[in-house]
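J.: Got a structure for you, target_10.csv, holding CSV, C-alpha atoms.
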```
chain,number,residue,atom,x,y,z
A,1,MET,CA,-4.3,-11.9,32.6
A,2,ARG,CA,-3.7,-11.4,28.9
A,3,PHE,CA,-6.3,-9.8,26.7
A,4,LYS,CA,-4.6,-10.0,23.3
A,5,THR,CA,-2.4,-12.1,21.2
A,6,ASP,CA,1.0,-10.6,20.7
A,7,VAL,CA,2.5,-10.6,17.3
A,8,THR,CA,6.3,-11.3,17.0
A,9,LEU,CA,8.0,-8.2,15.7
A,10,PRO,CA,11.2,-8.3,13.4
A,11,ILE,CA,13.3,-6.6,16.1
A,12,GLY,CA,16.9,-6.1,15.0
A,13,LYS,CA,16.4,-7.3,11.4
A,14,ILE,CA,17.4,-3.9,10.1
A,15,GLU,CA,18.3,-0.6,11.7
A,16,ILE,CA,16.6,2.6,10.4
A,17,SER,CA,18.1,5.9,11.2
A,18,HIS,CA,17.4,9.4,10.0
A,19,SER,CA,20.2,9.1,7.5
A,20,THR,CA,18.7,5.9,6.0
A,21,LYS,CA,17.5,6.6,2.5
A,22,ILE,CA,14.0,5.1,2.2
A,23,MET,CA,11.5,4.8,-0.7
A,24,LEU,CA,7.9,3.7,0.0
A,25,LEU,CA,5.4,2.5,-2.6
A,26,GLY,CA,2.0,1.1,-2.1
A,27,SER,CA,-1.4,1.5,-0.6
A,28,CYS,CA,-2.9,4.1,1.8
A,29,PHE,CA,-0.9,2.4,4.6
A,30,ALA,CA,2.4,3.1,2.8
A,31,GLN,CA,1.3,6.7,2.4
A,32,ASN,CA,0.5,7.0,6.1
A,33,MET,CA,3.8,5.4,7.2
A,34,GLY,CA,5.8,7.5,4.7
A,35,MET,CA,4.3,10.7,5.9
A,36,ARG,CA,5.0,9.8,9.5
A,37,LEU,CA,8.7,9.2,8.6
A,38,LYS,CA,8.8,12.5,6.7
A,39,GLU,CA,7.2,14.3,9.7
A,40,TYR,CA,10.1,13.0,11.8
A,41,LYS,CA,12.7,14.2,9.2
A,42,PHE,CA,13.7,10.8,7.8
A,43,ASP,CA,15.1,10.8,4.3
A,44,VAL,CA,12.1,9.4,2.4
A,45,ASP,CA,10.4,9.4,-1.0
A,46,VAL,CA,6.8,8.5,-0.6
A,47,ASN,CA,4.8,7.0,-3.4
A,48,PRO,CA,6.4,8.6,-6.5
A,49,PHE,CA,3.4,7.3,-8.6
A,50,GLY,CA,0.8,8.1,-5.9
A,51,ILE,CA,-1.1,5.4,-4.0
A,52,LEU,CA,-1.0,2.0,-5.7
A,53,TYR,CA,-2.6,-1.2,-4.5
A,54,ASN,CA,-1.6,-4.3,-6.4
A,55,PRO,CA,1.8,-5.9,-6.9
A,56,PHE,CA,1.8,-5.6,-10.7
A,57,SER,CA,1.2,-1.8,-10.7
A,58,LEU,CA,3.9,-1.4,-8.1
A,59,SER,CA,6.3,-3.5,-10.2
A,60,VAL,CA,5.6,-1.4,-13.4
A,61,ALA,CA,6.1,1.8,-11.4
A,62,LEU,CA,9.4,0.6,-10.0
A,63,GLN,CA,10.7,-0.6,-13.3
A,64,ARG,CA,9.9,2.8,-14.9
A,65,ILE,CA,11.8,4.5,-12.0
A,66,ILE,CA,14.8,2.2,-12.5
A,67,ASP,CA,14.9,2.8,-16.2
A,68,CYS,CA,13.9,6.5,-15.8
A,69,GLU,CA,11.2,5.8,-18.4
A,70,LEU,CA,9.3,9.1,-18.8
A,71,ILE,CA,5.8,9.5,-20.3
A,72,MET,CA,4.6,11.7,-23.1
A,73,PRO,CA,1.2,13.3,-23.8
A,74,SER,CA,0.8,10.7,-26.5
A,75,SER,CA,1.6,7.7,-24.2
A,76,SER,CA,-1.0,5.0,-24.1
A,77,CYS,CA,-1.4,5.5,-20.3
A,78,MET,CA,-2.7,9.0,-20.9
A,79,ILE,CA,-6.5,9.4,-21.1
A,80,GLN,CA,-9.0,12.2,-20.9
A,81,HIS,CA,-12.2,11.8,-19.0
A,82,ASN,CA,-14.8,14.3,-17.6
A,83,GLY,CA,-12.6,17.3,-18.5
A,84,LEU,CA,-9.4,15.9,-16.8
A,85,TRP,CA,-6.3,14.2,-18.1
A,86,HIS,CA,-5.2,11.1,-16.2
A,87,SER,CA,-2.4,8.6,-16.3
A,88,LEU,CA,-3.7,5.1,-15.9
A,89,MET,CA,-0.4,4.2,-14.1
A,90,HIS,CA,-0.8,6.9,-11.5
A,91,HIS,CA,-3.0,8.0,-8.7
A,92,GLY,CA,-5.6,10.8,-9.3
A,93,ASP,CA,-3.4,13.3,-7.4
A,94,PHE,CA,-1.5,13.7,-10.7
A,95,SER,CA,-4.6,14.4,-12.8
A,96,SER,CA,-5.2,17.8,-14.3
A,97,GLU,CA,-7.2,19.7,-16.9
A,98,ASN,CA,-3.9,20.1,-18.8
A,99,ALA,CA,-2.2,17.1,-20.2
A,100,ASP,CA,1.2,18.8,-20.2
A,101,GLU,CA,0.9,19.5,-16.5
A,102,VAL,CA,0.2,15.8,-15.8
A,103,VAL,CA,3.2,14.8,-17.8
A,104,ALA,CA,5.5,17.3,-16.2
A,105,SER,CA,4.5,16.4,-12.6
A,106,VAL,CA,4.7,12.7,-13.3
A,107,ASN,CA,8.1,12.9,-15.0
A,108,LYS,CA,9.5,15.1,-12.2
A,109,ARG,CA,8.7,12.4,-9.7
A,110,ILE,CA,10.1,9.6,-11.8
A,111,GLU,CA,13.4,11.5,-12.3
A,112,SER,CA,13.8,12.4,-8.6
A,113,ALA,CA,13.0,8.8,-7.5
A,114,HIS,CA,15.4,7.4,-10.1
A,115,ASP,CA,18.2,9.7,-8.8
A,116,MET,CA,17.7,8.3,-5.3
A,117,LEU,CA,18.2,4.6,-6.3
A,118,PRO,CA,22.0,4.4,-6.3
A,119,SER,CA,22.1,5.4,-2.6
A,120,LEU,CA,18.8,3.7,-1.6
A,121,ASP,CA,19.1,1.7,1.7
A,122,LEU,CA,15.5,0.5,2.1
A,123,LEU,CA,12.6,0.0,-0.2
A,124,MET,CA,9.2,-0.5,1.5
A,125,LEU,CA,6.5,-2.1,-0.6
A,126,THR,CA,2.9,-2.4,0.8
A,127,PHE,CA,0.6,-4.7,-1.1
A,128,GLY,CA,-3.1,-3.9,-0.7
A,129,THR,CA,-4.9,-6.3,-2.9
A,130,ALA,CA,-4.2,-9.2,-5.3
A,131,TYR,CA,-7.0,-8.1,-7.6
A,132,VAL,CA,-6.0,-6.1,-10.7
A,133,TYR,CA,-7.9,-4.3,-13.4
A,134,ARG,CA,-6.7,-4.6,-17.0
A,135,ASN,CA,-7.3,-2.2,-19.8
A,136,ILE,CA,-9.3,-4.2,-22.3
A,137,ASN,CA,-7.7,-2.2,-25.2
A,138,ASP,CA,-4.1,-3.2,-24.5
A,139,GLY,CA,-4.3,-5.9,-21.8
A,140,LYS,CA,-2.1,-3.9,-19.4
A,141,VAL,CA,-2.8,-3.7,-15.7
A,142,VAL,CA,-3.7,-0.2,-14.6
A,143,GLY,CA,-2.8,1.5,-11.4
A,144,ASN,CA,-6.0,3.5,-11.2
A,145,CYS,CA,-9.3,3.3,-13.1
A,146,HIS,CA,-10.1,7.0,-12.4
A,147,LYS,CA,-13.8,6.2,-12.4
A,148,LEU,CA,-13.8,5.5,-16.1
A,149,PRO,CA,-16.6,3.2,-17.5
A,150,GLN,CA,-16.3,-0.3,-16.0
A,151,LYS,CA,-16.6,-1.8,-19.5
A,152,MET,CA,-13.1,-0.5,-20.3
A,153,PHE,CA,-11.5,-3.0,-17.8
A,154,SER,CA,-11.5,-6.6,-16.9
A,155,ARG,CA,-10.9,-7.7,-13.3
A,156,GLU,CA,-8.9,-10.7,-12.2
A,157,LEU,CA,-7.2,-12.2,-9.1
A,158,LEU,CA,-3.4,-12.7,-9.5
A,159,SER,CA,-2.0,-16.0,-8.4
A,160,VAL,CA,0.8,-16.5,-5.9
A,161,GLU,CA,3.0,-17.7,-8.8
A,162,GLU,CA,2.3,-14.6,-10.9
A,163,ILE,CA,3.2,-12.3,-8.1
A,164,VAL,CA,6.3,-14.1,-7.1
A,165,ASN,CA,7.6,-14.2,-10.7
A,166,GLU,CA,6.8,-10.6,-11.3
A,167,ILE,CA,8.4,-9.3,-8.1
A,168,SER,CA,11.4,-11.7,-8.3
A,169,GLY,CA,12.3,-10.1,-11.7
A,170,LEU,CA,11.9,-6.7,-10.2
A,171,ILE,CA,14.2,-7.6,-7.2
A,172,GLU,CA,16.9,-8.9,-9.6
A,173,LYS,CA,16.7,-5.7,-11.6
A,174,LEU,CA,16.8,-3.5,-8.5
A,175,LYS,CA,19.9,-5.2,-7.3
A,176,GLU,CA,21.8,-3.9,-10.4
A,177,VAL,CA,21.2,-0.2,-9.5
A,178,SER,CA,20.7,-0.3,-5.7
A,179,ARG,CA,23.3,-2.9,-4.6
A,180,SER,CA,22.9,-2.4,-0.8
A,181,ALA,CA,19.1,-1.8,-0.7
A,182,ARG,CA,16.9,-4.1,1.4
A,183,ILE,CA,13.2,-4.6,0.6
A,184,MET,CA,10.6,-4.6,3.4
A,185,PHE,CA,7.2,-6.0,2.4
A,186,THR,CA,4.0,-5.2,4.3
A,187,ILE,CA,0.4,-6.3,3.7
A,188,SER,CA,-1.9,-3.4,4.2
A,189,PRO,CA,-4.3,-3.9,7.1
A,190,ILE,CA,-7.0,-1.9,5.2
A,191,ARG,CA,-9.8,-4.2,4.2
A,192,HIS,CA,-11.0,-4.0,0.6
A,193,LEU,CA,-14.6,-4.8,1.3
A,194,ARG,CA,-15.7,-3.6,-2.1
A,195,ASP,CA,-14.3,-7.0,-3.2
A,196,GLY,CA,-16.5,-8.7,-0.7
A,197,ALA,CA,-15.6,-10.0,2.7
A,198,HIS,CA,-14.6,-13.5,1.4
A,199,ASP,CA,-12.7,-12.2,-1.7
A,200,ASN,CA,-10.8,-9.7,0.5
A,201,GLN,CA,-9.6,-12.6,2.6
A,202,VAL,CA,-8.6,-14.6,-0.4
A,203,SER,CA,-6.8,-11.6,-1.8
A,204,LYS,CA,-4.9,-11.0,1.5
A,205,ALA,CA,-4.0,-14.7,1.7
A,206,THR,CA,-2.6,-14.6,-1.8
A,207,LEU,CA,-0.4,-11.7,-1.0
A,208,LEU,CA,0.8,-13.3,2.3
A,209,LEU,CA,1.8,-16.5,0.5
A,210,ALA,CA,3.6,-14.6,-2.2
A,211,VAL,CA,5.6,-12.5,0.2
A,212,GLU,CA,6.5,-15.6,2.2
A,213,GLU,CA,7.9,-17.2,-0.9
A,214,LEU,CA,9.8,-14.1,-1.8
A,215,LYS,CA,11.3,-14.1,1.7
A,216,ARG,CA,12.5,-17.7,1.1
A,217,ASN,CA,13.9,-16.9,-2.3
A,218,PHE,CA,15.7,-13.7,-1.3
A,219,PRO,CA,16.6,-14.2,2.4
A,220,GLU,CA,19.4,-11.6,2.3
A,221,GLN,CA,17.4,-8.8,0.6
A,222,VAL,CA,13.8,-9.3,1.8
A,223,LEU,CA,12.1,-8.9,5.2
A,224,TYR,CA,8.6,-8.5,6.4
A,225,PHE,CA,6.8,-6.2,8.8
A,226,PRO,CA,3.5,-7.6,10.1
A,227,SER,CA,1.2,-4.6,10.1
A,228,TYR,CA,-1.6,-6.8,8.8
A,229,GLU,CA,-1.2,-9.3,11.7
A,230,ILE,CA,-0.9,-6.5,14.3
A,231,MET,CA,-4.3,-5.1,13.1
A,232,LEU,CA,-6.0,-8.5,13.0
A,233,ASP,CA,-4.6,-10.1,16.1
A,234,GLU,CA,-3.5,-7.4,18.6
A,235,LEU,CA,-6.1,-4.8,17.6
A,236,ARG,CA,-9.0,-7.3,17.2
A,237,ASP,CA,-11.8,-4.8,17.9
A,238,TYR,CA,-13.9,-2.4,15.9
A,239,ARG,CA,-12.9,0.5,18.2
A,240,PHE,CA,-9.6,0.4,16.3
A,241,TYR,CA,-11.2,1.1,13.0
A,242,ALA,CA,-12.3,4.5,11.6
A,243,ASP,CA,-15.9,5.3,11.0
A,244,ASP,CA,-15.9,3.5,7.7
A,245,MET,CA,-15.1,0.2,9.5
A,246,VAL,CA,-12.3,-0.3,6.8
A,247,HIS,CA,-9.4,1.9,7.6
A,248,PRO,CA,-7.4,1.7,10.9
A,249,SER,CA,-8.3,4.5,13.3
A,250,SER,CA,-5.7,7.1,14.3
A,251,LEU,CA,-5.2,5.1,17.5
A,252,ALA,CA,-4.5,2.0,15.6
A,253,GLN,CA,-2.1,3.9,13.3
A,254,ASP,CA,-0.3,5.2,16.3
A,255,TYR,CA,0.1,1.7,17.7
A,256,ILE,CA,1.4,0.2,14.5
A,257,TRP,CA,3.8,3.1,14.2
A,258,GLU,CA,5.1,2.3,17.7
A,259,CYS,CA,5.5,-1.3,16.8
A,260,PHE,CA,7.5,-0.2,13.7
A,261,ALA,CA,9.6,2.1,15.8
A,262,SER,CA,10.4,-0.5,18.5
A,263,SER,CA,11.4,-2.9,15.7
A,264,PHE,CA,13.8,-0.8,13.8
A,265,PHE,CA,14.8,2.4,15.6
A,266,SER,CA,17.9,2.7,17.9
A,267,GLN,CA,17.7,4.5,21.2
A,268,ARG,CA,19.4,7.5,19.5
A,269,THR,CA,16.9,7.6,16.7
A,270,ALA,CA,14.0,7.3,19.1
A,271,GLY,CA,15.4,10.2,21.1
A,272,LEU,CA,15.7,12.4,18.0
A,273,ASN,CA,12.1,11.6,17.2
A,274,ILE,CA,11.1,12.9,20.6
A,275,GLU,CA,13.0,16.1,20.1
A,276,ILE,CA,11.5,16.6,16.6
A,277,GLY,CA,8.0,15.9,17.9
A,278,GLU,CA,8.5,18.6,20.6
A,279,ILE,CA,9.5,21.1,18.0
A,280,THR,CA,6.6,20.3,15.8
A,281,LYS,CA,4.2,20.6,18.7
A,282,ALA,CA,5.7,23.9,19.9
A,283,LEU,CA,5.4,25.5,16.5
A,284,ALA,CA,1.8,24.3,16.2
A,285,HIS,CA,0.9,26.1,19.5
A,286,ARG,CA,-1.3,29.3,19.0
A,287,PRO,CA,-0.4,31.9,21.6
A,288,ASN,CA,-2.8,34.5,22.9
A,289,ASN,CA,-0.3,37.3,22.1
A,290,PRO,CA,2.2,36.4,19.4
A,291,SER,CA,3.9,39.8,19.9
A,292,SER,CA,4.6,39.3,23.6
A,293,PRO,CA,8.2,39.2,24.8
A,294,GLU,CA,7.5,35.8,26.5
A,295,TYR,CA,6.4,34.2,23.3
A,296,LYS,CA,9.3,35.7,21.4
A,297,ALA,CA,11.7,34.2,23.9
A,298,PHE,CA,9.8,30.8,23.6
A,299,ILE,CA,10.2,30.8,19.8
A,300,ASN,CA,13.9,31.9,20.0
A,301,LYS,CA,14.5,28.9,22.3
A,302,ILE,CA,12.9,26.6,19.7
A,303,LEU,CA,15.0,28.2,17.0
A,304,MET,CA,18.2,27.6,18.9
A,305,LYS,CA,17.1,23.9,19.4
A,306,VAL,CA,16.4,23.5,15.7
A,307,LYS,CA,19.8,25.0,14.8
A,308,SER,CA,21.5,22.7,17.3
A,309,LEU,CA,19.8,19.6,15.7
A,310,VAL,CA,20.9,20.8,12.2
A,311,GLU,CA,24.4,21.2,13.4
A,312,SER,CA,24.6,17.7,14.8
A,313,ASN,CA,22.5,16.2,12.0
A,314,PRO,CA,23.3,18.1,8.8
A,315,PHE,CA,21.4,15.5,6.7
A,316,MET,CA,18.1,16.6,8.2
A,317,ASP,CA,16.0,19.3,6.5
A,318,PHE,CA,14.6,21.9,9.0
A,319,LYS,CA,14.3,24.7,6.4
A,320,ASN,CA,10.5,25.1,7.0
A,321,GLU,CA,10.9,25.2,10.7
A,322,ILE,CA,13.6,27.8,10.6
A,323,GLU,CA,11.6,30.0,8.3
A,324,ARG,CA,8.6,29.5,10.6
A,325,CYS,CA,10.5,30.6,13.6
A,326,ASN,CA,12.0,33.7,11.8
A,327,THR,CA,8.5,34.6,10.7
A,328,LEU,CA,7.1,34.4,14.2
A,329,LEU,CA,10.0,36.4,15.6
A,330,ASN,CA,9.3,39.2,13.2
A,331,ILE,CA,5.6,39.6,14.0
```
For the file at hand, write its structure as structure tokens.
T.:
Amino acid sequence: MRFKTDVTLPIGKIEISHSTKIMLLGSCFAQNMGMRLKEYKFDVDVNPFGILYNPFSLSVALQRIIDCELIMPSSSCMIQHNGLWHSLMHHGDFSSENADEVVASVNKRIESAHDMLPSLDLLMLTFGTAYVYRNINDGKVVGNCHKLPQKMFSRELLSVEEIVNEISGLIEKLKEVSRSARIMFTISPIRHLRDGAHDNQVSKATLLLAVEELKRNFPEQVLYFPSYEIMLDELRDYRFYADDMVHPSSLAQDYIWECFASSFFSQRTAGLNIEIGEITKALAHRPNNPSSPEYKAFINKILMKVKSLVESNPFMDFKNEIERCNTLLNI
């Protein structure tokens, strides 16, 4: 008997290894996937502008990264509200009481992302919604409203044509600086119920149609990972949602990650993930007596394992784990 509808996965469309240079931009789902990749020591840059939801804001962010276009305290995107300075193009994680601090942190991330582009192998873009908010003063789409007065913005639904035209131009521009990079689109499975149940479905349908056309227009560069379909078809039950009934639960996130891994990881990559996971779990263990000879021997064994992984995979960064082992050995 079968109790679910299986979604066809893009197995073999691209191989992702720990040496693959990956940049992820987009919604909370992109953040979650990016942090998982980082946890397993993949070479990733996760959301250089912070979490962004709509295709236009993602396009603006990437074009600024490509051009290494920095911002200034006097830039039109900078605004002060309730004692904090914000960038309307960035997530609130960059906000601060000091405008210079916002500018410095924003520009540092733009520069590091720009430096990664020539060697970029994979760009993962996750669209969350086709609804955008425009700043009434200049007509520009903002990445985040930062709880500013609603009267400052107008809300609209992007059309399929608008999204395709905007992202097509971005793909052409990206090809000039990242000649070998592939682009993987995903549609976030997170429901934007603040838009209303029906409007959320219209929004997701718009994004799906736009991505499908982009796949047809750029068959060599573009591929699609069906996280949205996995959530709706394979995990069609509220037990796979968090308490807010909007975000996927941790179990659902684990399942989607497994689908991603089975689609793109080789047997060797999957094996390395297991080893890295065992190291992470071991270092998270809290012993009854951290000064005991038995625990010191246990940590020394972990340290030797880490050093062996670094020797065979010099592109991996285990600096924090090595420091942690040395700290525990010196207790």
J.: Using all atoms listed in the file, which residue out of A:His114, A:Lys319, A:Arg109, A:Arg36 lies closest to A:Leu174?
T.: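 For A:Leu174, the nearest of the candidates is A:His114.
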J.: Quick one: residues within 12 Å of A:Pro293, only C-alpha atoms counted, chain neighbours fewer than 6 positions away excluded, as a list in words?
T.: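 Counting only the stated atoms, we get Pro287, Ile299, Asn300, Leu328, Leu329, Asn330 and Ile331 of chain A.
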J.: Using only C-alpha atoms, find each residue of stretch 94-128 of chain A with at least one atom at most 10 Å away from an atom of stretch 216-229 of chain A; report its shortest atom-to-atom pair and that distance in Å (one decimal), sort the rows by chain and rising residue number, and return the result as a Markdown table.
T.:
```
| residue | atom | partner | partner_atom | distance |
| --- | --- | --- | --- | --- |
| A:Leu122 | CA | A:Gln221 | CA | 9.6 |
| A:Leu123 | CA | A:Val222 | CA | 9.6 |
| A:Met124 | CA | A:Tyr224 | CA | 9.4 |
| A:Leu125 | CA | A:Tyr224 | CA | 9.7 |
| A:Thr126 | CA | A:Phe225 | CA | 9.7 |
```
J.: Which distance in Å separates atom CA of A:Phe42 and atom CA of A:Ser188, to one decimal?
T.: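 Going from atom CA of A:Phe42 over to atom CA of A:Ser188, I get 21.4 Å.
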J.: Quick one: of A:Pro314, A:Pro149, A:Pro290, A:Gly50, who's nearest to A:Thr327, counting only C-alpha atoms?
T.: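 With only C-alpha atoms as the atom set, the closest residue is A:Pro290.
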J.: Between A:Ile51, A:Leu158, A:Val102, A:Ala270, which residue has the minimum interatomic distance to A:Glu258, considering all atoms listed in the file?
T.: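 Using all atoms listed in the file, the shortest distance to A:Glu258 belongs to A:Ala270.
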J.: Near A:Tyr53, within 6 Å and counting only C-alpha atoms, which residues show up once chain neighbours fewer than 6 positions away are dropped, as a PyMOL selection string?
T.: chain A and resi 26-27+127-129
J.: Using all atoms listed in the file, determine which residues lie at most 12 Å from A:Glu278, disregarding the query and same-chain residues fewer than 3 positions distant; provide the list as a ChimeraX atom specification.
T.: /A:39-40,271-275,281-285,302,305-306
J.: Work out how far apart atom CA of A:His247 and atom CA of A:Met231 are and give it in Å to one decimal.
T.: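 Those two atoms sit 10.3 Å apart.
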J.: Restricting the calculation to only C-alpha atoms, which member of A:Ser291, A:Thr186, A:Thr280, A:Ser203 is positioned closest to A:Glu321?
T.: A:Thr280
J.: Just the number, please: distance in Å from atom CA of A:Ile167 to atom CA of A:Ser154, one decimal.
T.: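 So the two atoms, atom CA of A:Ile167 and atom CA of A:Ser154, lie 21.9 Å apart.
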J.: Quick one: of A:Ser168, A:Leu214, A:His81, A:Asp67, who's nearest to A:Leu148, counting all atoms listed in the file?
T.: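 Going through A:Ser168, A:Leu214, A:His81, A:Asp67 one by one, the smallest distance to A:Leu148 is for A:His81.
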J.: From the list A:Asp317, A:Glu166, A:Glu15, A:Asp254, which residue is nearest A:Lys38 when using all atoms listed in the file?
T.: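 Checking each candidate against A:Lys38, we get A:Asp317 as the closest.
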J.: Show me, as a PyMOL selection string, the residues that have an atom within 10 Å of stretch 136-146 of chain A when counting all atoms listed in the file, minus same-chain residues fewer than 2 positions from it.
T.: chain A and resi 49-58+60-61+76-77+79+81+84-92+95+132-134+148-156
J.: Please complete stretch 42-70 of chain A so it has N, CA and C atoms, and hand it over as a PDB file, keeping the file's coordinate frame.
T.:
```pdb
ATOM      1  N   PHE A  42      12.944  11.848   8.438  1.00  0.00           N
ATOM      2  CA  PHE A  42      13.700  10.800   7.800  1.00  0.00           C
ATOM      3  C   PHE A  42      13.813  11.104   6.299  1.00  0.00           C
ATOM      4  N   ASP A  43      14.834  10.555   5.678  1.00  0.00           N
ATOM      5  CA  ASP A  43      15.100  10.800   4.300  1.00  0.00           C
ATOM      6  C   ASP A  43      14.275   9.855   3.423  1.00  0.00           C
ATOM      7  N   VAL A  44      13.074  10.288   3.033  1.00  0.00           N
ATOM      8  CA  VAL A  44      12.100   9.400   2.400  1.00  0.00           C
ATOM      9  C   VAL A  44      11.573   9.977   1.083  1.00  0.00           C
ATOM     10  N   ASP A  45      11.237   9.077   0.163  1.00  0.00           N
ATOM     11  CA  ASP A  45      10.400   9.400  -1.000  1.00  0.00           C
ATOM     12  C   ASP A  45       9.185   8.558  -0.920  1.00  0.00           C
ATOM     13  N   VAL A  46       8.039   9.219  -0.831  1.00  0.00           N
ATOM     14  CA  VAL A  46       6.800   8.500  -0.600  1.00  0.00           C
ATOM     15  C   VAL A  46       5.928   8.462  -1.843  1.00  0.00           C
ATOM     16  N   ASN A  47       5.678   7.252  -2.310  1.00  0.00           N
ATOM     17  CA  ASN A  47       4.800   7.000  -3.400  1.00  0.00           C
ATOM     18  C   ASN A  47       4.997   7.921  -4.628  1.00  0.00           C
ATOM     19  N   PRO A  48       6.094   7.734  -5.347  1.00  0.00           N
ATOM     20  CA  PRO A  48       6.400   8.600  -6.500  1.00  0.00           C
ATOM     21  C   PRO A  48       5.277   8.474  -7.603  1.00  0.00           C
ATOM     22  N   PHE A  49       4.493   7.401  -7.623  1.00  0.00           N
ATOM     23  CA  PHE A  49       3.400   7.300  -8.600  1.00  0.00           C
ATOM     24  C   PHE A  49       2.036   7.525  -7.899  1.00  0.00           C
ATOM     25  N   GLY A  50       2.067   7.971  -6.648  1.00  0.00           N
ATOM     26  CA  GLY A  50       0.800   8.100  -5.900  1.00  0.00           C
ATOM     27  C   GLY A  50       0.459   6.726  -5.319  1.00  0.00           C
ATOM     28  N   ILE A  51      -0.654   6.657  -4.625  1.00  0.00           N
ATOM     29  CA  ILE A  51      -1.100   5.400  -4.000  1.00  0.00           C
ATOM     30  C   ILE A  51      -1.403   4.362  -5.031  1.00  0.00           C
ATOM     31  N   LEU A  52      -0.804   3.183  -4.862  1.00  0.00           N
ATOM     32  CA  LEU A  52      -1.000   2.000  -5.700  1.00  0.00           C
ATOM     33  C   LEU A  52      -1.346   0.827  -4.831  1.00  0.00           C
ATOM     34  N   TYR A  53      -2.137  -0.110  -5.349  1.00  0.00           N
ATOM     35  CA  TYR A  53      -2.600  -1.200  -4.500  1.00  0.00           C
ATOM     36  C   TYR A  53      -2.116  -2.573  -4.823  1.00  0.00           C
ATOM     37  N   ASN A  54      -1.941  -2.889  -6.090  1.00  0.00           N
ATOM     38  CA  ASN A  54      -1.600  -4.300  -6.400  1.00  0.00           C
ATOM     39  C   ASN A  54      -0.166  -4.463  -6.821  1.00  0.00           C
ATOM     40  N   PRO A  55       0.376  -5.661  -6.677  1.00  0.00           N
ATOM     41  CA  PRO A  55       1.800  -5.900  -6.900  1.00  0.00           C
ATOM     42  C   PRO A  55       2.248  -5.604  -8.357  1.00  0.00           C
ATOM     43  N   PHE A  56       1.407  -5.863  -9.352  1.00  0.00           N
ATOM     44  CA  PHE A  56       1.800  -5.600 -10.700  1.00  0.00           C
ATOM     45  C   PHE A  56       1.984  -4.123 -10.994  1.00  0.00           C
ATOM     46  N   SER A  57       1.072  -3.283 -10.495  1.00  0.00           N
ATOM     47  CA  SER A  57       1.200  -1.800 -10.700  1.00  0.00           C
ATOM     48  C   SER A  57       2.443  -1.299  -9.987  1.00  0.00           C
ATOM     49  N   LEU A  58       2.730  -1.833  -8.797  1.00  0.00           N
ATOM     50  CA  LEU A  58       3.900  -1.400  -8.100  1.00  0.00           C
ATOM     51  C   LEU A  58       5.187  -1.823  -8.859  1.00  0.00           C
ATOM     52  N   SER A  59       5.163  -3.008  -9.459  1.00  0.00           N
ATOM     53  CA  SER A  59       6.300  -3.500 -10.200  1.00  0.00           C
ATOM     54  C   SER A  59       6.528  -2.599 -11.468  1.00  0.00           C
ATOM     55  N   VAL A  60       5.453  -2.264 -12.175  1.00  0.00           N
ATOM     56  CA  VAL A  60       5.600  -1.400 -13.400  1.00  0.00           C
ATOM     57  C   VAL A  60       6.129  -0.041 -12.959  1.00  0.00           C
ATOM     58  N   ALA A  61       5.621   0.503 -11.853  1.00  0.00           N
ATOM     59  CA  ALA A  61       6.100   1.800 -11.400  1.00  0.00           C
ATOM     60  C   ALA A  61       7.592   1.767 -11.092  1.00  0.00           C
ATOM     61  N   LEU A  62       8.029   0.733 -10.376  1.00  0.00           N
ATOM     62  CA  LEU A  62       9.400   0.600 -10.000  1.00  0.00           C
ATOM     63  C   LEU A  62      10.339   0.412 -11.224  1.00  0.00           C
ATOM     64  N   GLN A  63       9.884  -0.377 -12.158  1.00  0.00           N
ATOM     65  CA  GLN A  63      10.700  -0.600 -13.300  1.00  0.00           C
ATOM     66  C   GLN A  63      10.845   0.682 -14.150  1.00  0.00           C
ATOM     67  N   ARG A  64       9.782   1.494 -14.204  1.00  0.00           N
ATOM     68  CA  ARG A  64       9.900   2.800 -14.900  1.00  0.00           C
ATOM     69  C   ARG A  64      10.858   3.710 -14.130  1.00  0.00           C
ATOM     70  N   ILE A  65      10.833   3.654 -12.801  1.00  0.00           N
ATOM     71  CA  ILE A  65      11.800   4.500 -12.000  1.00  0.00           C
ATOM     72  C   ILE A  65      13.194   4.008 -12.261  1.00  0.00           C
ATOM     73  N   ILE A  66      13.428   2.705 -12.254  1.00  0.00           N
ATOM     74  CA  ILE A  66      14.800   2.200 -12.500  1.00  0.00           C
ATOM     75  C   ILE A  66      15.305   2.597 -13.851  1.00  0.00           C
ATOM     76  N   ASP A  67      14.461   2.492 -14.871  1.00  0.00           N
ATOM     77  CA  ASP A  67      14.900   2.800 -16.200  1.00  0.00           C
ATOM     78  C   ASP A  67      14.752   4.321 -16.530  1.00  0.00           C
ATOM     79  N   CYS A  68      14.211   5.086 -15.595  1.00  0.00           N
ATOM     80  CA  CYS A  68      13.900   6.500 -15.800  1.00  0.00           C
ATOM     81  C   CYS A  68      13.100   6.679 -17.099  1.00  0.00           C
ATOM     82  N   GLU A  69      12.092   5.830 -17.226  1.00  0.00           N
ATOM     83  CA  GLU A  69      11.200   5.800 -18.400  1.00  0.00           C
ATOM     84  C   GLU A  69      10.128   6.865 -18.236  1.00  0.00           C
ATOM     85  N   LEU A  70      10.231   7.973 -18.931  1.00  0.00           N
ATOM     86  CA  LEU A  70       9.300   9.100 -18.800  1.00  0.00           C
ATOM     87  C   LEU A  70       8.062   8.828 -19.690  1.00  0.00           C
TER      88      LEU A  70
END
```
